[in-house]
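Participant: Sending over a structure as structure tokens; questions will come in a sec.
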Amino acid sequence: MLKIYHRPLEWPPFIQHQNNYMRQVVLLFTFILTAHIANAQLFTKEKIRNLENEDKKVLSWGYYLGFNSLDFNFDYNTDRPDIIVEKSTGFNVGLIGNLRIMEYLDLRLEPGLTISNRNLVYDESYFEGIEYTQSDLKREVQATYIYVPLLLKFSSKRLNNFRPFVTGGISTAINLSSNEKNPDDNSSGQFRTKTNMLFYEVGFGIDFYLAYFKFTPSIRGVFAINNELVPDADPDSAWTGNISQMKTQGVFINFTFQ
């Protein structure tokens with residue numbers, strides 16, 4: 001009996017390769033077309049411009065609310081395990097004064113209050129040869145800064161109702177929780193830091209022009225310039241003896257209303 005076997009039709013390899021290539025071309029073309037349409041909608045299509053003359057003011061004012069996450073950067077005298085910093089989310093609030101220098105450049109003063117709390121956790125090797133309790137392995141470092149940044153703001157050209165920018169500058173701060181003048185040190189459970197601090201900071205954000213005000217989310221990196229540590233009276237202190245320098249570093253996320 002004659003048997004006929006049916007095999008599924010298979011395209012030659014070069015045709016399969018061409019089909020895969022065509023699918024990739026179609027996907028790429030679709031992506032480019034979608035991106036082009038989105039770009040046209042966001043950047044090209046004319047929209048009603050809110051607060052048309054907002055950026056022409058020589059002086060403008062506002063306020064900000066935000067959050068921070070602060071850390072410490074340590075330099076050590078000897079090779080021991082790093083001190084672990086337990087961070088928590090802090091709070092920022094303040095005012096803004098903005099001076100327009102030219103079309104794309106502004107000078108900003110942003111005095112405010114910054115609250116943060118950090119815990120330092122020590123390895124047991126720091127207390128080798130001396131008696132200690134579990135509470136000695138942790139020290140709380142509180143910071144309540146009266147914070148005064150002076151920043152330059154470099155803005156791009158306004159695109160409909162938003163405008164990206166980068167910013168950078170220096171800031172000074174007074175730590176109301178520093179305990180710098182406290183005669184008690186870590187032997188009495190008090191970790192001391194300096195009262196007066198200097199920082200530099202860089203960041204970026206976007207101005208959004210709404211119907212009645214300008215809303216600006218921004219993120220900034222903050223880095224201390226001077227050493228923040230007040231060493232204990234004992235130069236061989238388990239808490240400060242191995243620290244050469246201790247400097248604050250962290251991130252600010254602020255939401256500005258002008």
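Identifiers in the structure tokens: chain A, B, ... in order shown; residue index from 1 per chain; ligand index from 1 in order shown.
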Using only C-alpha atoms, determine which residues lie at most 12 Å from Ala211 of chain A, disregarding the query and same-chain residues fewer than 6 positions distant; provide the list as a compact mmCIF listing (two decimals) with N, CA, C and O atoms, in the first residue's frame.
Facilitator:
```txt
# COMPACT_ATOMS: atom_id res chain seq x y z
N ILE A 48 -1.47 75.69 26.11
CA ILE A 48 -1.66 76.93 26.87
C ILE A 48 -0.55 77.03 27.91
O ILE A 48 -0.35 76.13 28.71
N ARG A 49 0.19 78.12 27.87
CA ARG A 49 1.32 78.30 28.78
C ARG A 49 0.83 78.97 30.06
O ARG A 49 0.36 80.11 30.03
N ASN A 50 0.97 78.26 31.17
CA ASN A 50 0.60 78.81 32.46
C ASN A 50 1.71 79.74 32.97
O ASN A 50 2.88 79.55 32.68
N LEU A 51 1.31 80.74 33.74
CA LEU A 51 2.27 81.65 34.38
C LEU A 51 3.31 82.13 33.37
O LEU A 51 4.52 81.98 33.56
N GLU A 52 2.86 82.72 32.32
CA GLU A 52 3.69 83.11 31.18
C GLU A 52 4.87 83.98 31.60
O GLU A 52 5.98 83.85 31.08
N GLU A 54 6.18 84.32 34.75
CA GLU A 54 6.70 83.96 36.07
C GLU A 54 8.22 84.08 36.14
O GLU A 54 8.78 84.58 37.12
N ASN A 161 4.97 73.69 29.63
CA ASN A 161 4.74 74.04 31.03
C ASN A 161 5.69 73.35 31.99
O ASN A 161 5.36 73.12 33.15
N GLN A 258 6.04 77.99 44.52
CA GLN A 258 6.35 79.42 44.30
C GLN A 258 5.17 80.09 43.61
O GLN A 258 4.50 79.48 42.78
```
Participant: Please run DSSP on the backbone and report, as number ranges by chain, all residues within segment 66-222 of chain A that come out as strand (DSSP E).
Facilitator: A: 66-76, 84-87, 89-102, 105-109, 112-121, 138-155, 162-175, 196-209, 214-222
Participant: Identify which of the residues A:Gly62, A:Ile219, A:Asn160, A:Glu140 lies closest to Ile253 of chain A, counting only C-alpha atoms when measuring atom-to-atom distances.
Facilitator: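 Smallest separation from Ile253 of chain A among the options: A:Ile219.
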Participant: With a distance cut-off of 7 Å and only C-alpha atoms, select the neighbouring residues of Gly168 of chain A, excluding the residue or stretch itself and same-chain residues fewer than 4 positions from it, and output the selection as a ChimeraX atom specification.
Facilitator: /A:151-153,201-203
Participant: Considering only C-alpha atoms, state which residue in the set A:Trp239, A:Thr78, A:Asn196, A:Gly66 is at the smallest distance from Val121 of chain A.
Facilitator: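 Among the listed residues, A:Trp239 lies closest to Val121 of chain A.
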Participant: Show which residues sit within 9 Å of segment 81-83 of chain A, as number ranges by chain. Count only C-alpha atoms, and ignore same-chain residues fewer than 6 positions away.
Facilitator: A: 74, 120-123, 125-126
Participant: Using only C-alpha atoms, determine which residues lie at most 6 Å from Thr216 of chain A, disregarding the query and same-chain residues fewer than 6 positions distant; provide the list as an mmCIF file with N, CA and C atoms, in the first residue's frame.
Facilitator:
```cif
data_model
loop_
_atom_site.group_PDB
_atom_site.id
_atom_site.type_symbol
_atom_site.label_atom_id
_atom_site.label_comp_id
_atom_site.auth_asym_id
_atom_site.auth_seq_id
_atom_site.Cartn_x
_atom_site.Cartn_y
_atom_site.Cartn_z
ATOM 1 N N ILE A 206 12.837 69.785 38.196
ATOM 2 C CA ILE A 206 11.988 70.241 37.093
ATOM 3 C C ILE A 206 10.960 71.214 37.646
ATOM 4 N N ASP A 207 10.883 72.388 37.038
ATOM 5 C CA ASP A 207 9.817 73.355 37.346
ATOM 6 C C ASP A 207 8.578 72.995 36.536
ATOM 7 N N PHE A 208 7.448 72.827 37.221
ATOM 8 C CA PHE A 208 6.170 72.600 36.558
ATOM 9 C C PHE A 208 5.297 73.840 36.755
ATOM 10 N N PHE A 255 10.123 69.515 47.730
ATOM 11 C CA PHE A 255 8.999 69.911 46.883
ATOM 12 C C PHE A 255 8.723 71.394 47.134
ATOM 13 N N THR A 256 8.940 72.193 46.091
ATOM 14 C CA THR A 256 8.901 73.647 46.216
ATOM 15 C C THR A 256 7.614 74.204 45.623
#
```
Participant: Find the residues near Thr195 of chain A: any atom within 10 Å, counting only C-alpha atoms, skip ones fewer than 5 places away on the same chain, and give them as a list in words.
Facilitator: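 Selected residues are Ala143, Thr144, Tyr145, Ala173, Ile174, Asn175, Leu176, Ser177, Ser178, Asn179, Glu180, Lys181, Glu228, Leu229 and Val230 of chain A.
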